[in-house]
Amino acid sequence: MYTIELGHFALILAFAISIGQVGVGIAIWRAATNSGVAFMRNASVVQFVLVAASFAALMFAFATSDFSLLLAYEHSHSEQPMLYKLTSTWGNHEGSLLLWVLILTLFGAAVALFGGRLPRKLHVLVLANQGLLGAAFVGFTIFTSNPFARIAAPPIEGRDLNPILQDIGLAIHPPLLYIGYVGFSVCFSFAMAALISGKIDAAWARWVRPWTMASWIFLTLGIAMGSYWAYYELGWGGWWFWDPVENASFMPWLAGTALLHSALVMEKRNALKIWTVLLAIMTFSLSLLGTFMVRSGILTSVHSFASDPARGLVILGILTFFICGAFILFALRGPSLRAGGVFAPISREAALVLNNLFLATATAAVLVGTLYPLILDAASGIKISVGAPFFNLTFGALMVPLLLVVPFGPFLSWKRAELMSVVRRLFGAVLVAVIVSIIFTAYTWQGASLLPLGFLLAFWVMVGALADLAERAKLFRVALSTSLRRLAGLPKTVWSTAGAHFGLGVTVLGVVVVSGFETELITTMRPGEQAQLSGYTIEFEGERLLQGPNYITEHGDFLVSKGTGTPRVVASEKRNYTARRMPTTEAGIKTFGFSQIYVSLGEKTEDGGRVVRVWYKPMITLIWIGALIMSLAGAYSLSDRRFRVAAPNRSKKSAQKQMVGEPT
């Protein structure tokens, strides 16, 4: 029982320490002493320890079904499996916000522990800004969203978690997404530190890049997991709906992708300084915007947590303070920052600038499509819906030229390049991509459409990524053993770039194929009857009434086969959760290669049959496999030792000069 009070006290103590951290940071940043920096670092670590203890206390209350805790009563049930008891901790507004704060303090502690080689002034400013973010969100949690509120007369049983959230996806998707969201806070803090100190250079970009990469990796995984979760859990057969909350996570991903490429230009060529700082601000601002949209009550979505306008106003105030403050500081200090190195219109820098242009425009398009209906409703009361047709048209139109440009970047030289030389080196890749696209189009031809263009773009990106590796290994120009040695000796960043681009092409191919060739069948079936869809035979074996841990389910068994192949069992269910009295549909999915048969059990008919919806989803798993490849490529890049140091090591010659008093 006292665990809850200890958790609440630990959270309050973390709030007090965060305020002290900000105060000390403001006082010492101009002349950071050893003791002052040590205090800042220790305060960041202690904050994380206290918030972790607070979160552990909350999880313990859920795990033990302590219904004296209001949150456990409203979102848990004693009959839930232990996994869902634990995940119920963040299956609500207050608990998920505490998880958000936990990850925020984790990143603050990581900067404190692994930022020892940062310049003192920069280190203090970054930690002070992280402390300010921590104070804002810990304070919001304590004063408006207290997860430790108690019930005077504890009930015997809880009200159960939302049945849609009683899934393994809740254990994976929110933590991944929050790490991605909150990780960009470090990039934001570095940007604020650069603007306050007025110092930004290539070393700054190197310090920022690993944090950007780590956040981008987790956000990629979080979005992919969320897409697959919605796909199999909601029983609707779709993998992306352009839901406003989906967009809220997608916009920081687009901006973060642009930031990754921009920071690379800044690190290598000391260029795009102002733009990189602006992107760091914008990326985290979009993360804060997503937090506001999910928790303010302005959206009605299966993804949203809260519907309390009062809390929404407080979040809006926090969002306004940080975003407006950042942009005001940028307006005041930005012009004093040097723009950096120059480069020719045909160069790798220019290709990355073009990449940033398309990504930033795509982000703006998604932002407008997401917010315009909300702003129009608030201003005039007119309700409109901006759906998939708008997003598909605008976003698709921006992605086509971007995908065409992607393979050129790695082939271009820094500062100045010869376009015709690059075209000649890419000619083989163009030829292979065109031939494969023609074969694919001929095999799948169903009439005139834009699908051949989609195939060409997907294969062009994939083949272009492989061509970069082949070019660097001098494949077919030297002995095979020599090419293999050259491949093994390539920097990790080269492999990660090729892998990320290849994964992007895989995802594009999955999107194109499933969008163009998926088929659907809605029919009524009785036990023993069969249905045909895209060469597959689906036989309804029958149904059973089963008792789950905290639900009753109507369990339907189907046999799915193709041609003379061995039939495979697919089970689909309609569950009724007894505490919530809420039905859910559990889709049955069977994977054949990269494709899937998706079966959704519908309502009973008067004659004893069942309404059954069946989809054939060709190559749909490529969508998520591509995202996984991109994430693994980013993780491989992050394993590069250069990402684990604060700045490039000085050469021995430079160090010797400094020892004897010579200029370096």
# chains A, B, ... in the order shown; residues from 1 in each chain; ligands from 1

$ residues_around --residues "Ala571 in chain A" --least-positions-apart "4" --cutoff "8 Å" --atoms "only C-alpha atoms" --output "PyMOL selection string"
chain A and resi 555-558+587-589

$ write_last_selection --atoms "C-alpha atoms" --output "PDB file, in the first residue's frame"
ATOM      1  CA  HIS A 555     -13.798 -18.908 -32.403  1.00  0.00           C
ATOM      2  CA  GLY A 556     -14.010 -19.699 -36.119  1.00  0.00           C
ATOM      3  CA  ASP A 557     -11.612 -22.111 -37.850  1.00  0.00           C
ATOM      4  CA  PHE A 558     -10.796 -21.867 -41.552  1.00  0.00           C
ATOM      5  CA  ALA A 587      -8.471 -11.281 -37.458  1.00  0.00           C
ATOM      6  CA  GLY A 588      -6.987 -14.536 -38.697  1.00  0.00           C
ATOM      7  CA  ILE A 589      -3.852 -14.013 -40.784  1.00  0.00           C
TER       8      ILE A 589
END

$ closest_residue --among "A:Thr444, A:Asn129, A:Val45, A:Ala56" --to "Gly325 in chain A" --atoms "only C-alpha atoms"
A:Asn129

$ atom_distance --atom1 "CA of Val294 in chain A" --atom2 "CA of Phe143 in chain A"
18.8 Å

$ residues_around --residues "Ala258 in chain A" --least-positions-apart "6" --cutoff "9 Å" --atoms "only C-alpha atoms" --output "list in words"
Thr276, Leu279, Leu352, Val353, Asn355, Asn356, Leu357, Phe358, Leu359 and Ala360 of chain A

$ closest_residue --among "A:Leu456, A:Phe391, A:Met192, A:Leu98" --to "Ala362 in chain A" --atoms "only C-alpha atoms"
A:Phe391
